[in-house]
$ cat run.txt   # compact mmCIF, C-alpha atoms
# COMPACT_ATOMS: atom_id res chain seq x y z
CA MET Q 1 90.43 101.15 79.78
CA ASN Q 2 89.21 104.71 80.06
CA TYR Q 3 88.58 105.35 83.74
CA ASN Q 4 86.95 108.58 84.81
CA MET Q 5 87.15 110.11 88.28
CA LYS Q 6 83.90 108.42 89.39
CA ASP Q 7 85.31 105.02 88.40
CA ILE Q 8 88.56 105.61 90.25
CA THR Q 9 86.72 106.88 93.32
CA TYR Q 10 84.39 103.86 93.34
CA SER Q 11 87.40 101.55 92.94
CA ALA Q 12 89.16 103.23 95.86
CA MET Q 13 86.02 102.92 98.00
CA THR Q 14 85.80 99.22 97.10
CA ALA Q 15 89.44 98.79 98.10
CA ALA Q 16 88.80 100.60 101.38
CA ALA Q 17 85.88 98.27 102.12
CA MET Q 18 88.11 95.29 101.31
CA ASN Q 19 90.74 96.57 103.73
CA VAL Q 20 88.19 97.08 106.50
CA LEU Q 21 86.88 93.55 105.98
CA SER Q 22 90.45 92.22 106.09
CA TYR Q 23 91.17 94.06 109.32
CA LEU Q 24 88.02 92.58 110.88
CA THR Q 25 88.27 88.97 109.68
CA VAL Q 26 91.91 88.03 109.14
CA PRO Q 27 92.96 88.50 112.81
CA LEU Q 28 90.40 85.83 113.73
CA VAL Q 29 92.38 83.16 111.85
CA VAL Q 30 95.92 84.53 111.68
CA ALA Q 31 97.20 82.08 114.30
CA ILE Q 32 95.84 79.01 112.50
CA PRO Q 33 98.65 77.54 110.37
CA ILE Q 34 96.57 76.52 107.36
CA PRO Q 35 97.88 77.98 104.10
CA GLY Q 36 95.35 80.22 102.37
CA LEU Q 37 92.96 80.37 105.33
CA ARG Q 38 93.26 84.16 105.58
CA ASN Q 39 91.96 84.43 102.04
CA LEU Q 40 89.12 82.03 102.73
CA VAL Q 41 87.62 84.21 105.46
CA VAL Q 42 87.49 87.26 103.16
CA ALA Q 43 86.53 85.45 99.93
CA PRO Q 44 82.74 85.86 100.04
CA PHE Q 45 83.02 89.53 101.00
CA TYR Q 46 85.58 90.24 98.30
CA GLY Q 47 83.33 88.42 95.81
CA ILE Q 48 80.40 90.67 96.72
CA LEU Q 49 82.50 93.83 96.45
CA MET Q 50 84.12 92.86 93.15
CA ALA Q 51 80.75 91.99 91.63
CA LEU Q 52 79.30 95.32 92.70
CA ALA Q 53 82.32 97.13 91.26
CA LEU Q 54 82.11 95.25 87.95
CA ILE Q 55 78.38 95.90 87.66
CA ARG Q 56 79.00 99.59 88.29
CA ILE Q 57 82.12 100.05 86.17
CA ASP Q 58 82.63 96.98 83.87
CA LYS Q 59 85.97 97.99 82.40
CA ASN Q 60 89.02 95.87 81.72
CA GLY Q 61 91.70 96.09 84.38
CA LEU Q 62 89.31 96.69 87.28
CA PHE Q 63 90.52 93.74 89.37
CA THR Q 64 94.08 95.01 89.06
CA LEU Q 65 93.11 98.60 89.83
CA ILE Q 66 91.21 97.63 92.97
CA SER Q 67 94.03 95.27 93.98
CA ALA Q 68 96.55 98.08 93.60
CA PHE Q 69 94.45 100.38 95.79
CA THR Q 70 93.95 97.64 98.38
CA GLY Q 71 97.62 96.70 98.37
CA ALA Q 72 98.78 100.32 98.55
CA VAL Q 73 97.33 100.55 102.05
CA LEU Q 74 98.46 97.07 103.07
CA ILE Q 75 102.01 97.70 101.86
CA PHE Q 76 102.70 99.15 105.30
CA ILE Q 77 101.98 95.73 106.80
CA SER Q 78 103.99 93.93 104.11
CA PRO Q 79 104.91 94.67 100.48
CA VAL Q 80 104.30 90.97 99.80
CA ILE Q 81 100.56 91.58 100.16
CA LEU Q 82 100.64 94.10 97.33
CA GLY Q 83 102.48 91.53 95.22
CA PHE Q 84 100.00 88.70 95.55
CA LEU Q 85 97.01 91.03 95.29
CA PHE Q 86 98.43 92.47 92.09
CA ILE Q 87 99.10 89.04 90.57
CA SER Q 88 95.59 87.88 91.49
CA GLY Q 89 94.12 90.99 89.88
CA ILE Q 90 96.08 90.48 86.67
CA VAL Q 91 94.99 86.82 86.37
CA ALA Q 92 91.32 87.68 87.01
CA ASP Q 93 91.47 90.59 84.55
CA ALA Q 94 93.07 88.37 81.91
CA PHE Q 95 90.22 85.87 82.26
CA TYR Q 96 87.62 88.64 82.25
CA TYR Q 97 89.11 90.15 79.07
CA ILE Q 98 89.78 86.92 77.17
CA PHE Q 99 86.28 85.56 77.69
CA GLN Q 100 84.35 88.79 77.21
CA HIS Q 101 82.70 87.36 74.08
CA GLY Q 102 82.45 83.76 75.29
CA PHE Q 103 80.43 84.21 78.48
CA SER Q 104 77.71 86.52 79.67
CA LYS Q 105 78.77 89.44 81.84
CA HIS Q 106 77.37 87.87 85.01
CA THR Q 107 79.06 84.52 84.33
CA ARG Q 108 82.39 86.28 83.77
CA ILE Q 109 81.96 88.21 87.02
CA ILE Q 110 81.23 85.02 88.98
CA ILE Q 111 84.10 83.01 87.48
CA ALA Q 112 86.62 85.86 87.59
CA SER Q 113 85.80 86.64 91.23
CA GLY Q 114 86.28 83.00 92.18
CA LEU Q 115 89.49 82.81 90.19
CA TYR Q 116 90.71 85.99 91.86
CA MET Q 117 90.28 84.46 95.30
CA ALA Q 118 91.73 81.04 94.38
CA VAL Q 119 94.84 82.59 92.84
CA MET Q 120 95.19 84.91 95.83
CA ALA Q 121 95.18 81.91 98.21
CA VAL Q 122 97.86 80.01 96.31
CA VAL Q 123 100.14 82.95 95.48
CA GLY Q 124 99.66 84.43 98.97
CA ALA Q 125 100.73 81.16 100.62
CA LEU Q 126 103.69 80.81 98.27
CA PHE Q 127 104.81 84.41 98.81
CA GLY Q 128 104.32 84.04 102.56
CA ALA Q 129 106.62 81.01 102.59
CA LEU Q 130 109.20 82.49 100.21
CA PHE Q 131 109.44 86.07 101.43
CA LEU Q 132 108.07 86.15 104.96
CA GLY Q 133 109.13 82.78 106.27
CA GLU Q 134 105.60 82.09 107.51
CA MET Q 135 106.33 78.41 107.03
CA PRO Q 136 109.26 76.52 105.54
CA LEU Q 137 108.82 75.97 101.82
CA GLY Q 138 109.05 72.20 102.33
CA ASP Q 139 106.11 72.35 104.75
CA LEU Q 140 104.11 74.35 102.22
CA PHE Q 141 104.74 71.74 99.54
CA ARG Q 142 103.87 68.93 101.95
CA SER Q 143 100.59 70.72 102.68
CA THR Q 144 99.78 71.10 98.97
CA PRO Q 145 96.58 69.02 99.24
CA VAL Q 146 95.35 71.32 102.02
CA LEU Q 147 96.25 74.40 99.97
CA VAL Q 148 94.44 73.00 96.93
CA ILE Q 149 91.31 72.39 99.02
CA VAL Q 150 91.51 75.88 100.53
CA ALA Q 151 92.07 77.42 97.07
CA ILE Q 152 89.02 75.58 95.73
CA LEU Q 153 86.99 76.73 98.72
CA CYS Q 154 88.22 80.30 98.15
CA GLY Q 155 87.14 80.07 94.53
CA VAL Q 156 83.73 78.68 95.43
CA THR Q 157 83.05 81.18 98.23
CA GLY Q 158 84.35 84.06 96.12
CA SER Q 159 82.01 82.98 93.31
CA LEU Q 160 79.09 82.63 95.71
CA GLY Q 161 79.84 86.09 97.04
CA ALA Q 162 79.87 87.39 93.47
CA MET Q 163 76.51 85.77 92.82
CA LEU Q 164 75.11 87.56 95.85
CA GLY Q 165 76.83 90.77 94.74
CA ILE Q 166 75.14 90.51 91.34
CA ARG Q 167 71.74 90.12 93.00
CA ILE Q 168 72.46 93.11 95.25
CA GLY Q 169 73.69 95.12 92.26
CA LYS Q 170 70.54 94.34 90.26
CA GLU Q 171 68.43 95.51 93.17
CA PHE Q 172 70.54 98.64 93.56
CA LYS Q 173 70.12 99.42 89.86
CA ARG Q 174 66.39 98.77 90.03
CA THR Q 175 66.01 101.24 92.89
CA ASN Q 176 68.46 103.74 91.35
CA ILE Q 177 70.95 103.42 94.22
CA MET Q 178 73.59 102.43 91.67
CA ARG Q 179 73.67 103.94 88.21
$ encode --input "run.txt" --output "structure tokens"
Amino acid sequence: MNYNMKDITYSAMTAAAMNVLSYLTVPLVVAIPIPGLRNLVVAPFYGILMALALIRIDKNGLFTLISAFTGAVLIFISPVILGFLFISGIVADAFYYIFQHGFSKHTRIIIASGLYMAVMAVVGALFGALFLGEMPLGDLFRSTPVLVIVAILCGVTGSLGAMLGIRIGKEFKRTNIMR
């Protein structure tokens, strides 16, 4: 996990792009009381950005690093956001590290990006209920089937975004936009 200044800068730029996307998309659904929906609207975009970052950097701990940068800005909205971003990053990084010899790089990127978004949906909804009172905990547990569906959709759309990000990254490498 030897990050140089270029890696850190690229990670921070990825986090900035994630924040901009959040600011543009989340307000569109913030009033809809479906747990995990906020994560669903950003999932494909986050998948693209994470795939591009992993193609460019490909070092263990990148999900967590980008999550920390993203959450550092969002901490002013709520420290809870930093918490669930950080947990999602750790889970995705653990998968990415554990299966580094079992799957190809692109397969790991796709699965880890989907996992990142699915975990973010579940932990975000749980943290929202526990710490922010967004909905009573009993209501969250009663809406577990909805949350499971949304988490699966987050995983699928995050993975699809990562697949697109890999294609974009290959094209960027081919044209020397990304080295």
$ closest_atom_pairs --input "run.txt" --of "region 1-82 of chain Q" --to "region 119-124 of chain Q" --cutoff "8 Å" --atoms "only C-alpha atoms" --output "tab-separated table"
residue	atom	partner	partner_atom	distance
Q:Pro35	CA	Q:Ala121	CA	7.6
Q:Gly36	CA	Q:Ala121	CA	4.5
Q:Leu37	CA	Q:Ala121	CA	7.6
Q:Arg38	CA	Q:Ala121	CA	7.9
Q:Asn39	CA	Q:Ala121	CA	5.6
Q:Leu40	CA	Q:Ala121	CA	7.6
Q:Ile81	CA	Q:Gly124	CA	7.3
$ closest_residue --input "run.txt" --among "Q:Phe127, Q:Met135, Q:Phe172, Q:Leu65" --to "Ser78 (chain Q)" --atoms "all atoms listed in the file"
Q:Phe127
$ closest_atom_pairs --input "run.txt" --of "region 63-135 of chain Q" --to "region 151-162 of chain Q" --cutoff "8 Å" --atoms "all atoms listed in the file" --output "JSON lines"
{"residue": "Q:Ile109", "atom": "CA", "partner": "Q:Ala162", "partner_atom": "CA", "distance": 6.8}
{"residue": "Q:Ile110", "atom": "CA", "partner": "Q:Ser159", "partner_atom": "CA", "distance": 4.8}
{"residue": "Q:Ile111", "atom": "CA", "partner": "Q:Ser159", "partner_atom": "CA", "distance": 6.2}
{"residue": "Q:Ala112", "atom": "CA", "partner": "Q:Ser159", "partner_atom": "CA", "distance": 7.9}
{"residue": "Q:Ser113", "atom": "CA", "partner": "Q:Ser159", "partner_atom": "CA", "distance": 5.7}
{"residue": "Q:Gly114", "atom": "CA", "partner": "Q:Gly155", "partner_atom": "CA", "distance": 3.9}
{"residue": "Q:Leu115", "atom": "CA", "partner": "Q:Gly155", "partner_atom": "CA", "distance": 5.6}
{"residue": "Q:Tyr116", "atom": "CA", "partner": "Q:Gly155", "partner_atom": "CA", "distance": 7.4}
{"residue": "Q:Met117", "atom": "CA", "partner": "Q:Cys154", "partner_atom": "CA", "distance": 5.4}
{"residue": "Q:Ala118", "atom": "CA", "partner": "Q:Ala151", "partner_atom": "CA", "distance": 4.5}
{"residue": "Q:Val119", "atom": "CA", "partner": "Q:Ala151", "partner_atom": "CA", "distance": 7.2}
{"residue": "Q:Ala121", "atom": "CA", "partner": "Q:Ala151", "partner_atom": "CA", "distance": 5.6}
{"residue": "Q:Val122", "atom": "CA", "partner": "Q:Ala151", "partner_atom": "CA", "distance": 6.4}
$ residues_around --input "run.txt" --residues "Asp58 (chain Q)" --least-positions-apart "5" --cutoff "12 Å" --atoms "all atoms listed in the file" --output "list in words"
Met1, Asn2, Tyr3, Asp7, Tyr10, Ser11, Met50, Ala51, Leu52, Ala53, Phe63, Asp93, Tyr96, Tyr97, Gln100, Lys105, His106, Arg108 and Ile109 of chain Q
$ atom_distance --input "run.txt" --atom1 "CA of Leu21 (chain Q)" --atom2 "CA of Met178 (chain Q)"
21.5 Å
$ atom_distance --input "run.txt" --atom1 "CA of Ala15 (chain Q)" --atom2 "CA of Asn176 (chain Q)"
22.6 Å
$ atom_distance --input "run.txt" --atom1 "CA of Ile98 (chain Q)" --atom2 "CA of Ile149 (chain Q)"
26.3 Å
$ decode --input "run.txt" --residues "region 48-62 of chain Q" --atoms "N, CA and C atoms" --output "compact mmCIF listing (two decimals), in the first residue's frame"
# COMPACT_ATOMS: atom_id res chain seq x y z
N ILE Q 48 -18.45 3.55 -12.07
CA ILE Q 48 -17.56 4.03 -13.14
C ILE Q 48 -16.30 4.64 -12.54
N LEU Q 49 -16.49 5.51 -11.55
CA LEU Q 49 -15.35 6.22 -10.96
C LEU Q 49 -14.40 5.27 -10.23
N MET Q 50 -14.96 4.31 -9.51
CA MET Q 50 -14.10 3.36 -8.79
C MET Q 50 -13.33 2.49 -9.77
N ALA Q 51 -13.98 2.07 -10.85
CA ALA Q 51 -13.27 1.25 -11.84
C ALA Q 51 -12.13 2.05 -12.47
N LEU Q 52 -12.39 3.29 -12.82
CA LEU Q 52 -11.32 4.11 -13.40
C LEU Q 52 -10.17 4.29 -12.41
N ALA Q 53 -10.50 4.50 -11.15
CA ALA Q 53 -9.45 4.65 -10.13
C ALA Q 53 -8.64 3.37 -9.97
N LEU Q 54 -9.33 2.22 -9.95
CA LEU Q 54 -8.62 0.95 -9.78
C LEU Q 54 -7.78 0.59 -11.01
N ILE Q 55 -8.24 0.97 -12.18
CA ILE Q 55 -7.43 0.73 -13.38
C ILE Q 55 -6.18 1.60 -13.33
N ARG Q 56 -6.34 2.81 -12.87
CA ARG Q 56 -5.22 3.76 -12.81
C ARG Q 56 -4.24 3.42 -11.69
N ILE Q 57 -4.76 3.06 -10.53
CA ILE Q 57 -3.91 2.90 -9.35
C ILE Q 57 -3.70 1.44 -8.97
N ASP Q 58 -4.76 0.65 -8.84
CA ASP Q 58 -4.71 -0.77 -8.49
C ASP Q 58 -3.83 -1.09 -7.29
N LYS Q 59 -4.15 -0.47 -6.17
CA LYS Q 59 -3.45 -0.76 -4.92
C LYS Q 59 -4.47 -1.09 -3.85
N ASN Q 60 -4.08 -1.97 -2.94
CA ASN Q 60 -4.97 -2.33 -1.85
C ASN Q 60 -5.28 -1.10 -0.99
N GLY Q 61 -6.53 -1.03 -0.55
CA GLY Q 61 -6.95 0.08 0.31
C GLY Q 61 -7.52 1.26 -0.45
N LEU Q 62 -7.65 1.15 -1.77
CA LEU Q 62 -8.10 2.30 -2.55
C LEU Q 62 -9.56 2.66 -2.28
